[in-house]
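Coordinates as given in start-v1.cif (mmCIF, C-alpha atoms):
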data_data
#
loop_
_atom_site.label_atom_id
_atom_site.label_comp_id
_atom_site.auth_asym_id
_atom_site.auth_seq_id
_atom_site.Cartn_x
_atom_site.Cartn_y
_atom_site.Cartn_z
CA MET A 1 -34.74 -25.21 214.31
CA GLY A 2 -31.34 -26.73 215.12
CA HIS A 3 -30.34 -23.60 217.06
CA GLU A 4 -33.61 -23.71 219.05
CA LYS A 5 -33.00 -27.34 220.06
CA GLU A 6 -29.48 -26.46 221.19
CA GLN A 7 -30.88 -23.64 223.32
CA GLU A 8 -33.54 -25.89 224.88
CA THR A 9 -31.12 -28.65 225.86
CA ALA A 10 -28.02 -26.70 226.84
CA GLY A 11 -29.21 -26.08 230.41
CA ASP A 12 -29.32 -23.00 232.56
CA GLU A 13 -26.29 -21.36 230.93
CA LEU A 14 -28.26 -20.76 227.73
CA ARG A 15 -31.42 -19.41 229.29
CA ARG A 16 -32.31 -16.37 227.27
CA PRO A 17 -32.39 -13.07 229.16
CA GLU A 18 -35.16 -10.52 229.00
CA PRO A 19 -34.71 -7.94 226.22
CA PRO A 20 -32.69 -4.88 227.29
CA ALA A 21 -34.47 -1.87 228.75
CA LEU A 22 -34.05 0.96 226.26
CA PRO A 23 -35.58 4.42 225.76
CA TRP A 24 -38.36 4.46 223.19
CA THR A 25 -36.29 6.79 220.97
CA VAL A 26 -33.52 4.20 220.80
CA ARG A 27 -36.00 1.37 220.19
CA LEU A 28 -37.52 3.29 217.29
CA GLN A 29 -34.13 3.93 215.68
CA LEU A 30 -33.10 0.32 216.13
CA PHE A 31 -36.34 -0.91 214.60
CA ALA A 32 -35.80 1.32 211.57
CA LEU A 33 -32.19 0.16 211.22
CA VAL A 34 -32.77 -3.58 211.44
CA THR A 35 -35.84 -3.36 209.19
CA ALA A 36 -33.80 -1.57 206.54
CA VAL A 37 -30.93 -4.05 206.86
CA ASP A 38 -33.23 -7.05 206.51
CA LEU A 39 -34.92 -5.53 203.47
CA VAL A 40 -31.72 -4.72 201.56
CA GLN A 41 -29.67 -7.86 202.27
CA ARG A 42 -30.69 -9.98 199.29
CA GLY A 43 -30.61 -13.74 199.33
CA ASP A 44 -28.10 -13.80 196.47
CA GLY A 45 -25.58 -11.90 198.61
CA THR A 46 -26.03 -8.49 196.98
CA VAL A 47 -27.31 -5.24 198.50
CA ASN A 48 -30.24 -3.18 197.30
CA ARG A 49 -28.26 0.05 197.41
CA PHE A 50 -31.11 2.26 196.21
CA LEU A 51 -33.50 1.01 198.88
CA PHE A 52 -30.91 1.41 201.63
CA SER A 53 -30.14 4.96 200.48
CA LEU A 54 -33.72 5.88 201.37
CA ALA A 55 -33.07 4.89 205.00
CA ASP A 56 -29.42 5.93 205.35
CA ARG A 57 -29.62 9.66 206.04
CA GLN A 58 -26.41 11.40 205.00
CA SER A 59 -24.82 14.49 206.55
CA ALA A 60 -22.79 16.92 204.49
CA ALA A 61 -19.38 18.11 205.62
CA ALA A 62 -19.49 21.58 207.16
CA ALA A 63 -16.54 23.98 207.01
CA ARG A 64 -18.37 26.35 209.37
CA PRO A 65 -17.88 25.27 213.00
CA ASP A 66 -20.94 23.82 214.71
CA ALA A 67 -22.25 24.94 218.11
CA ASN A 68 -19.45 22.96 219.78
CA GLY A 69 -16.68 24.40 217.64
CA VAL A 70 -16.16 21.34 215.41
CA ARG A 71 -15.87 21.63 211.65
CA SER A 72 -15.48 18.99 208.96
CA GLY A 73 -14.24 18.56 205.43
CA ASP A 74 -13.95 15.71 202.95
CA VAL A 75 -10.54 14.69 201.61
CA THR A 76 -10.03 12.62 198.47
CA VAL A 77 -7.42 9.90 198.90
CA ASP A 78 -7.88 8.02 195.59
CA ALA A 79 -10.53 9.35 193.22
CA ALA A 80 -10.14 6.38 190.88
CA ARG A 81 -11.62 4.00 193.44
CA GLY A 82 -13.76 6.49 195.33
CA LEU A 83 -11.66 6.44 198.49
CA TRP A 84 -12.10 9.47 200.73
CA ALA A 85 -12.18 10.46 204.36
CA ARG A 86 -14.03 13.04 206.42
CA VAL A 87 -11.81 15.07 208.73
CA PHE A 88 -13.28 16.55 211.91
CA SER A 89 -11.26 19.17 213.75
CA PRO A 90 -11.69 21.86 216.40
CA ALA A 91 -11.98 25.32 214.88
CA SER A 92 -9.05 26.37 217.06
CA SER A 93 -6.84 24.85 219.73
CA GLY A 94 -8.42 27.02 222.42
CA ALA A 95 -5.09 28.16 223.85
CA VAL A 96 -2.08 30.06 222.62
CA GLU A 97 0.39 27.25 223.36
CA SER A 98 -1.82 24.17 223.63
CA PRO A 99 -0.16 20.77 223.12
CA PRO A 100 -0.57 19.09 219.72
CA LEU A 101 -3.76 17.07 219.32
CA PRO A 102 -3.77 13.32 218.72
CA VAL A 103 -5.29 11.88 215.54
CA VAL A 104 -8.08 9.32 215.62
CA VAL A 105 -8.56 7.34 212.41
CA TYR A 106 -12.09 5.96 212.55
CA PHE A 107 -13.59 2.98 210.70
CA HIS A 108 -17.39 2.85 210.75
CA GLY A 109 -19.47 -0.27 211.25
CA GLY A 110 -22.11 -1.75 208.96
CA GLY A 111 -21.09 -5.35 208.41
CA PHE A 112 -18.51 -4.35 205.73
CA ALA A 113 -21.47 -3.76 203.39
CA LEU A 114 -23.53 -0.82 204.64
CA LEU A 115 -23.25 2.81 205.83
CA THR A 116 -20.62 5.45 205.06
CA ALA A 117 -18.47 8.06 206.75
CA ALA A 118 -21.26 10.53 205.88
CA SER A 119 -24.07 8.48 207.49
CA SER A 120 -25.71 10.79 210.01
CA GLN A 121 -25.04 8.58 213.05
CA TYR A 122 -21.33 8.36 212.24
CA ASP A 123 -21.00 12.03 211.37
CA ALA A 124 -22.52 12.82 214.79
CA LEU A 125 -20.37 10.25 216.60
CA CYS A 126 -17.13 11.53 215.06
CA ARG A 127 -18.08 15.11 215.93
CA ARG A 128 -18.57 13.98 219.50
CA LEU A 129 -15.23 12.16 219.56
CA CYS A 130 -13.48 15.22 218.16
CA ARG A 131 -15.02 17.46 220.80
CA GLU A 132 -14.75 15.24 223.87
CA LEU A 133 -11.44 13.51 223.13
CA ARG A 134 -9.84 16.74 221.92
CA ALA A 135 -8.58 15.02 218.80
CA VAL A 136 -8.61 15.41 215.05
CA VAL A 137 -10.80 12.59 213.72
CA VAL A 138 -10.30 11.10 210.25
CA SER A 139 -13.32 8.96 209.34
CA VAL A 140 -12.50 6.55 206.50
CA ASN A 141 -15.04 5.95 203.75
CA TYR A 142 -13.73 2.55 202.70
CA ARG A 143 -15.16 0.51 199.82
CA LEU A 144 -18.07 -1.77 200.66
CA ALA A 145 -18.77 -5.45 200.11
CA PRO A 146 -19.95 -7.41 198.22
CA GLU A 147 -18.84 -5.19 195.34
CA HIS A 148 -15.43 -4.95 197.02
CA ARG A 149 -14.60 -8.01 199.08
CA TYR A 150 -11.64 -8.77 201.34
CA PRO A 151 -9.06 -7.25 201.41
CA ALA A 152 -10.40 -4.01 199.88
CA ALA A 153 -11.40 -2.37 203.17
CA TYR A 154 -8.03 -3.22 204.74
CA ASP A 155 -6.19 -1.83 201.70
CA ASP A 156 -8.22 1.37 201.92
CA GLY A 157 -7.36 1.80 205.59
CA MET A 158 -3.67 1.38 204.86
CA ASP A 159 -3.83 3.92 202.04
CA VAL A 160 -5.48 6.51 204.27
CA LEU A 161 -2.63 6.10 206.77
CA ARG A 162 -0.11 6.41 203.92
CA HIS A 163 -1.89 9.57 202.79
CA LEU A 164 -1.55 11.02 206.29
CA GLY A 165 2.12 10.09 206.33
CA THR A 166 2.93 11.64 202.95
CA VAL A 167 0.39 14.42 202.30
CA GLY A 168 -0.67 15.08 205.86
CA LEU A 169 -3.89 16.67 207.07
CA PRO A 170 -5.68 19.40 205.09
CA ALA A 171 -3.90 22.76 205.23
CA GLU A 172 -6.82 24.46 206.96
CA VAL A 173 -6.68 21.91 209.78
CA ALA A 174 -2.92 22.15 210.18
CA ALA A 175 -3.16 25.95 210.25
CA ALA A 176 -5.83 25.99 212.96
CA VAL A 177 -4.57 23.36 215.41
CA PRO A 178 -1.24 21.65 216.12
CA VAL A 179 -1.40 17.91 215.43
CA ASP A 180 0.84 15.04 216.54
CA LEU A 181 0.90 12.13 214.08
CA THR A 182 2.99 10.10 216.53
CA ARG A 183 -0.20 9.91 218.63
CA CYS A 184 -2.40 8.19 216.05
CA PHE A 185 -5.14 5.93 217.38
CA LEU A 186 -7.11 3.55 215.19
CA VAL A 187 -10.72 3.27 216.33
CA GLY A 188 -13.45 1.15 214.79
CA ASP A 189 -16.80 -0.27 215.72
CA SER A 190 -18.26 -3.64 214.73
CA ALA A 191 -16.92 -4.40 211.23
CA GLY A 192 -14.87 -1.22 211.57
CA GLY A 193 -13.26 -2.76 214.65
CA ASN A 194 -12.26 -5.74 212.55
CA ILE A 195 -10.77 -3.37 209.97
CA ALA A 196 -8.93 -1.41 212.67
CA HIS A 197 -7.31 -4.62 213.96
CA HIS A 198 -6.12 -5.76 210.54
CA VAL A 199 -4.88 -2.30 209.53
CA ALA A 200 -3.03 -1.97 212.86
CA HIS A 201 -1.38 -5.36 212.26
CA ARG A 202 -0.33 -4.40 208.73
CA TRP A 203 0.87 -0.93 209.69
CA ALA A 204 2.84 -2.20 212.67
CA ALA A 205 4.63 -4.63 210.35
CA ALA A 206 5.46 -1.93 207.77
CA THR A 207 8.82 -0.14 207.64
CA THR A 208 8.13 2.64 205.12
CA SER A 209 8.88 6.32 205.67
CA SER A 210 5.16 7.06 206.01
CA SER A 211 4.79 4.33 208.64
CA ARG A 212 7.57 5.97 210.64
CA ARG A 213 5.87 9.36 210.45
CA VAL A 214 2.45 8.01 211.50
CA ARG A 215 2.98 6.12 214.76
CA LEU A 216 0.15 3.99 216.11
CA ALA A 217 -0.16 4.81 219.81
CA GLY A 218 -3.13 2.52 220.32
CA VAL A 219 -6.15 0.80 218.84
CA VAL A 220 -9.69 0.95 220.24
CA LEU A 221 -12.09 -1.77 219.11
CA LEU A 222 -15.75 -1.06 219.90
CA GLN A 223 -17.59 -4.39 219.91
CA PRO A 224 -15.45 -5.67 217.00
CA PHE A 225 -16.87 -8.09 214.44
CA PHE A 226 -14.88 -11.32 214.65
CA GLY A 227 -16.13 -14.86 214.23
CA GLY A 228 -15.64 -18.45 213.18
CA GLU A 229 -17.56 -21.55 212.16
CA GLU A 230 -18.18 -22.42 215.80
CA ARG A 231 -21.36 -21.11 217.41
CA THR A 232 -20.47 -19.55 220.76
CA GLU A 233 -22.54 -19.58 223.92
CA ALA A 234 -23.39 -15.87 223.55
CA GLU A 235 -24.46 -16.31 219.93
CA LEU A 236 -26.87 -19.07 220.88
CA ARG A 237 -28.14 -17.39 224.05
CA LEU A 238 -28.65 -13.89 222.63
CA ASP A 239 -29.72 -14.62 219.06
CA GLY A 240 -32.98 -12.73 218.64
CA VAL A 241 -32.62 -11.05 222.04
CA GLY A 242 -29.74 -8.67 221.49
CA PRO A 243 -30.77 -6.16 218.82
CA VAL A 244 -28.86 -5.42 215.59
CA VAL A 245 -26.57 -8.47 215.27
CA SER A 246 -28.22 -11.86 214.81
CA MET A 247 -26.48 -14.98 213.58
CA ALA A 248 -28.32 -14.77 210.25
CA ARG A 249 -27.30 -11.15 209.66
CA ALA A 250 -23.71 -11.84 210.72
CA ASP A 251 -23.49 -14.89 208.44
CA TRP A 252 -24.77 -12.81 205.51
CA CYS A 253 -22.10 -10.16 206.14
CA TRP A 254 -19.30 -12.72 206.23
CA ARG A 255 -20.52 -14.27 202.97
CA ALA A 256 -20.57 -10.82 201.38
CA PHE A 257 -17.10 -9.84 202.59
CA LEU A 258 -14.92 -12.94 202.63
CA PRO A 259 -13.46 -14.41 199.42
CA GLU A 260 -15.97 -16.60 197.63
CA GLY A 261 -15.62 -20.25 198.56
CA THR A 262 -14.21 -19.58 202.04
CA ASP A 263 -15.91 -19.95 205.42
CA ARG A 264 -15.91 -18.02 208.69
CA ASN A 265 -12.62 -19.61 209.77
CA HIS A 266 -10.88 -17.37 207.21
CA PRO A 267 -8.10 -15.31 208.90
CA ALA A 268 -10.02 -12.08 208.29
CA ALA A 269 -12.80 -13.30 210.58
CA HIS A 270 -11.15 -15.86 212.84
CA VAL A 271 -8.37 -13.92 214.57
CA THR A 272 -8.55 -15.58 217.98
CA GLY A 273 -6.70 -18.88 217.43
CA GLU A 274 -3.14 -19.81 218.24
CA SER A 275 -2.17 -19.41 214.58
CA ALA A 276 -3.39 -15.80 214.37
CA GLU A 277 -0.74 -13.48 212.97
CA LEU A 278 0.20 -10.40 214.97
CA ALA A 279 2.98 -7.93 214.29
CA GLU A 280 5.62 -7.58 216.97
CA ALA A 281 4.97 -3.83 217.16
CA PHE A 282 1.18 -4.17 217.46
CA PRO A 283 0.05 -1.23 219.64
CA PRO A 284 -1.76 -1.32 223.00
CA ALA A 285 -5.44 -2.19 222.57
CA MET A 286 -8.73 -1.39 224.25
CA VAL A 287 -11.57 -3.83 223.56
CA VAL A 288 -15.15 -2.83 224.38
CA VAL A 289 -17.69 -5.58 225.12
CA GLY A 290 -21.45 -5.29 225.58
CA GLY A 291 -23.54 -7.74 227.60
CA TYR A 292 -26.31 -7.88 224.97
CA ASP A 293 -23.95 -8.32 222.03
CA THR A 294 -23.99 -11.75 220.38
CA LEU A 295 -20.33 -11.19 219.39
CA GLN A 296 -19.02 -10.83 222.95
CA ASP A 297 -17.40 -14.27 223.24
CA TRP A 298 -15.32 -13.65 220.12
CA GLN A 299 -14.30 -10.26 221.52
CA ARG A 300 -13.10 -11.76 224.80
CA ARG A 301 -11.22 -14.46 222.92
CA TYR A 302 -9.58 -11.74 220.85
CA ALA A 303 -8.38 -10.00 224.01
CA GLY A 304 -7.11 -13.35 225.27
CA MET A 305 -5.14 -13.83 222.05
CA LEU A 306 -3.49 -10.44 222.50
CA ARG A 307 -2.52 -11.32 226.06
CA ARG A 308 -1.08 -14.69 225.03
CA LYS A 309 1.09 -12.90 222.51
CA GLY A 310 2.35 -10.50 225.15
CA LYS A 311 0.44 -7.41 224.04
CA ALA A 312 -1.08 -4.76 226.29
CA VAL A 313 -4.88 -4.98 226.24
CA GLN A 314 -7.64 -3.43 228.31
CA VAL A 315 -11.13 -4.96 228.23
CA VAL A 316 -13.98 -2.62 229.11
CA GLU A 317 -17.33 -4.32 229.71
CA TYR A 318 -20.80 -2.79 229.80
CA PRO A 319 -23.16 -5.56 231.00
CA ALA A 320 -26.36 -3.84 229.85
CA ALA A 321 -25.01 -2.55 226.53
CA ILE A 322 -26.48 -3.48 223.16
CA HIS A 323 -24.46 -3.70 219.97
CA SER A 324 -23.92 -0.14 218.65
CA PHE A 325 -24.76 1.56 221.98
CA TYR A 326 -22.01 4.15 221.31
CA VAL A 327 -24.03 5.88 218.56
CA PHE A 328 -26.82 6.73 221.01
CA PRO A 329 -25.73 9.65 223.22
CA GLU A 330 -28.90 9.26 225.30
CA LEU A 331 -27.54 5.95 226.66
CA ALA A 332 -25.43 6.48 229.78
CA ASP A 333 -22.89 3.83 228.74
CA SER A 334 -21.97 5.85 225.66
CA GLY A 335 -20.83 8.71 227.87
CA GLU A 336 -18.86 6.34 230.10
CA LEU A 337 -17.20 4.91 226.99
CA ILE A 338 -15.92 8.34 225.94
CA LYS A 339 -14.32 8.75 229.38
CA GLU A 340 -12.63 5.34 229.07
CA MET A 341 -11.35 6.17 225.59
CA LYS A 342 -9.94 9.49 226.78
CA ALA A 343 -8.17 7.79 229.70
CA PHE A 344 -6.76 5.10 227.38
CA MET A 345 -5.39 7.76 225.03
CA GLU A 346 -3.83 9.66 227.94
CA ARG A 347 -2.12 6.49 229.21
CA ASN A 348 -0.66 5.78 225.79
CA LYS A 349 1.08 9.03 225.06
CA PRO A 350 4.49 8.52 223.43
CA PRO A 351 7.51 9.15 225.65
CA ASN A 352 8.96 12.66 225.58
CA GLY A 353 11.19 13.20 222.64
CA HIS A 354 9.73 10.36 220.59
CA THR A 355 9.92 10.88 216.85
#

Take the structure in this file and express it as structure tokens.
Amino acid sequence: MGHEKEQETAGDELRRPEPPALPWTVRLQLFALVTAVDLVQRGDGTVNRFLFSLADRQSAAAARPDANGVRSGDVTVDAARGLWARVFSPASSGAVESPPLPVVVYFHGGGFALLTAASSQYDALCRRLCRELRAVVVSVNYRLAPEHRYPAAYDDGMDVLRHLGTVGLPAEVAAAVPVDLTRCFLVGDSAGGNIAHHVAHRWAAATTSSSRRVRLAGVVLLQPFFGGEERTEAELRLDGVGPVVSMARADWCWRAFLPEGTDRNHPAAHVTGESAELAEAFPPAMVVVGGYDTLQDWQRRYAGMLRRKGKAVQVVEYPAAIHSFYVFPELADSGELIKEMKAFMERNKPPNGHT
């Protein structure tokens, strides 16, 4: 009720827009997703994993190339804690002397608590990124909250990068296509965007031999999940209008992920203030913002923080985009996003001779 009163008295700036125009296929998928999320997020902060497994369709890795020439395989990073990654690669480079391919390390969304690297929508998205970006994609299956709270997901991301720096990519990938680990891009959406930021910060501050071998050329944050105790204008205006992320769902995710007894001003969530830590070598960033995303004000503030600290950042806005638009190839903005990502990666090639 308090939020409704704020909306009624805040004036024209908080007038709620009409719901976004979406194809019926997308509406149906969104309805299924948010219904499943609301059913499995228990009031005590736990997840009904069995119930969610009925809705979360999984895709198996496939060594045989698909119709677009992309194959995949799962790699164990730490069996003791169930940490693994799915590697997507072209079946061949397509040319006798083609240049080495960049590596995209991907962190999926799901509010830190849901979905996996094998979830069908992320398997399909990473296949598309592999094909259209001409990159080897490593999709990280990090541990989920609330069973594994902060900083487990960040630790898992770091260990996957260490694995790449010490063990490298699977032999069958390395044999089929040349790969350049000095062109490594961290990409994440929603909660995965949050993870990508924190892993990039940690990796940029590291000075190990593996960190020297794996060079971060850039970080791409797709509608990243940041926040704070403050309620922003977009949160108030779009709550219940923009699909997927509502304030109630976001609050539940933060309670599940952050250390018990902390609030949303914890440094894992609130990265936009003057006191935010950022490594000197933090790579160039691309931040994607959607006009129907309740998180958009935090995302713009994040970009502003990077600028204040002297970092290169590109903000790409899609005024009609909902949260998670990138997993729906039938939406035109998802195709435009791939083009922007490809251009960003081209602009951030390392200088000739870099090691």

Dump as a tab-separated table the rows for residues of segment 75-185 of chain A within 9 Å of segment 49-60 of chain A: closest atom pair and distance in Å with one decimal, only C-alpha atoms counted, ordered by chain and rising residue number.
residue	atom	partner	partner_atom	distance
A:Leu114	CA	A:Phe52	CA	8.3
A:Leu115	CA	A:Asp56	CA	6.9
A:Thr116	CA	A:Gln58	CA	8.3
A:Ala117	CA	A:Gln58	CA	8.8
A:Ala118	CA	A:Gln58	CA	5.3
A:Ser119	CA	A:Gln58	CA	4.5
A:Ser120	CA	A:Gln58	CA	5.1
A:Gln121	CA	A:Arg57	CA	8.4
A:Asp123	CA	A:Ser59	CA	6.6
A:Ala124	CA	A:Ser59	CA	8.7

From the options A:Val140, A:Val327, A:Ala279, A:Cys253, which residue's atoms come nearest to Val37 of chain A, counting only C-alpha atoms?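 Looking only at the distances to Val37 of chain A, the closest residue turns out to be A:Cys253.
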
As a CSV table (one decimal) with C-alpha atoms, in the coordinates of the input, please: the residues near Pro267 of chain A (cut-off 12 Å, only C-alpha atoms, same-chain neighbours under 2 positions excluded).
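What landed in result-v4.csv:
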chain,number,residue,atom,x,y,z
A,150,TYR,CA,-11.6,-8.8,201.3
A,151,PRO,CA,-9.1,-7.2,201.4
A,194,ASN,CA,-12.3,-5.7,212.6
A,197,HIS,CA,-7.3,-4.6,214.0
A,198,HIS,CA,-6.1,-5.8,210.5
A,226,PHE,CA,-14.9,-11.3,214.6
A,227,GLY,CA,-16.1,-14.9,214.2
A,228,GLY,CA,-15.6,-18.4,213.2
A,229,GLU,CA,-17.6,-21.6,212.2
A,254,TRP,CA,-19.3,-12.7,206.2
A,258,LEU,CA,-14.9,-12.9,202.6
A,259,PRO,CA,-13.5,-14.4,199.4
A,262,THR,CA,-14.2,-19.6,202.0
A,263,ASP,CA,-15.9,-20.0,205.4
A,264,ARG,CA,-15.9,-18.0,208.7
A,265,ASN,CA,-12.6,-19.6,209.8
A,269,ALA,CA,-12.8,-13.3,210.6
A,270,HIS,CA,-11.2,-15.9,212.8
A,271,VAL,CA,-8.4,-13.9,214.6
A,272,THR,CA,-8.6,-15.6,218.0
A,273,GLY,CA,-6.7,-18.9,217.4
A,274,GLU,CA,-3.1,-19.8,218.2
A,275,SER,CA,-2.2,-19.4,214.6
A,276,ALA,CA,-3.4,-15.8,214.4
A,277,GLU,CA,-0.7,-13.5,213.0
A,278,LEU,CA,0.2,-10.4,215.0

Hits of the PyMOL selection byres ((chain A and resi 185) around 7) in this structure, as a ChimeraX atom specification: /A:103-105,183-184,186-187,216-219

Generate a file of the selected residues that holds C-alpha atoms, formatted as a short mmCIF file (atom, residue, chain, number, x, y, z; two decimals), keeping the file's coordinate frame.
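Output file selection-v1.cif is given in full below:
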data_model
loop_
_atom_site.label_atom_id
_atom_site.label_comp_id
_atom_site.auth_asym_id
_atom_site.auth_seq_id
_atom_site.Cartn_x
_atom_site.Cartn_y
_atom_site.Cartn_z
CA VAL A 103 -5.29 11.88 215.54
CA VAL A 104 -8.08 9.32 215.62
CA VAL A 105 -8.56 7.34 212.41
CA ARG A 183 -0.20 9.91 218.63
CA CYS A 184 -2.40 8.19 216.05
CA LEU A 186 -7.11 3.55 215.19
CA VAL A 187 -10.72 3.27 216.33
CA LEU A 216 0.15 3.99 216.11
CA ALA A 217 -0.16 4.81 219.81
CA GLY A 218 -3.13 2.52 220.32
CA VAL A 219 -6.15 0.80 218.84
#

So, with only C-alpha atoms as the atoms that count, which of A:Thr232, A:Thr207, A:Glu330, A:Val244 lies closest to Thr35 of chain A?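 Nearest candidate to Thr35 of chain A out of A:Thr232, A:Thr207, A:Glu330, A:Val244: A:Val244.
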
Kindly indicate which residue among A:Arg249, A:Arg86, A:Arg202, A:His323 lies nearest to Asp293 of chain A, using only C-alpha atoms for the distances. A:His323

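For the pair atom CA of Leu39 of chain A and atom CA of Asn141 of chain A, the separation is 23.0 Å.
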
To verify the selection step, state as a PyMOL selection string which residues the PyMOL selection byres ((chain A and resi 20) around 8) yields on this input. chain A and resi 18-19+21-22+242+292+320+322

Name the residues that the PyMOL selection byres ((chain A and resi 297-299) around 10) pulls out of this structure, and write them as number ranges by chain. A: 221-228, 231-235, 269-272, 287-291, 293-296, 300-305, 315

Nearest to Glu340 of chain A among A:Ala191, A:Pro319, A:Val220, A:Phe107, with distances taken over only C-alpha atoms: which residue is it?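 The answer is A:Val220, which sits nearest to Glu340 of chain A.
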
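Here the question is which of A:Pro284, A:Val137, A:Val245, A:Val75 gets nearest to Val34 of chain A using only C-alpha atoms, and that residue is A:Val245.
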
Using all atoms listed in the file, which of A:Val167, A:Glu346, A:Asp239, A:Ser89 sits nearest Ala62 of chain A? A:Ser89
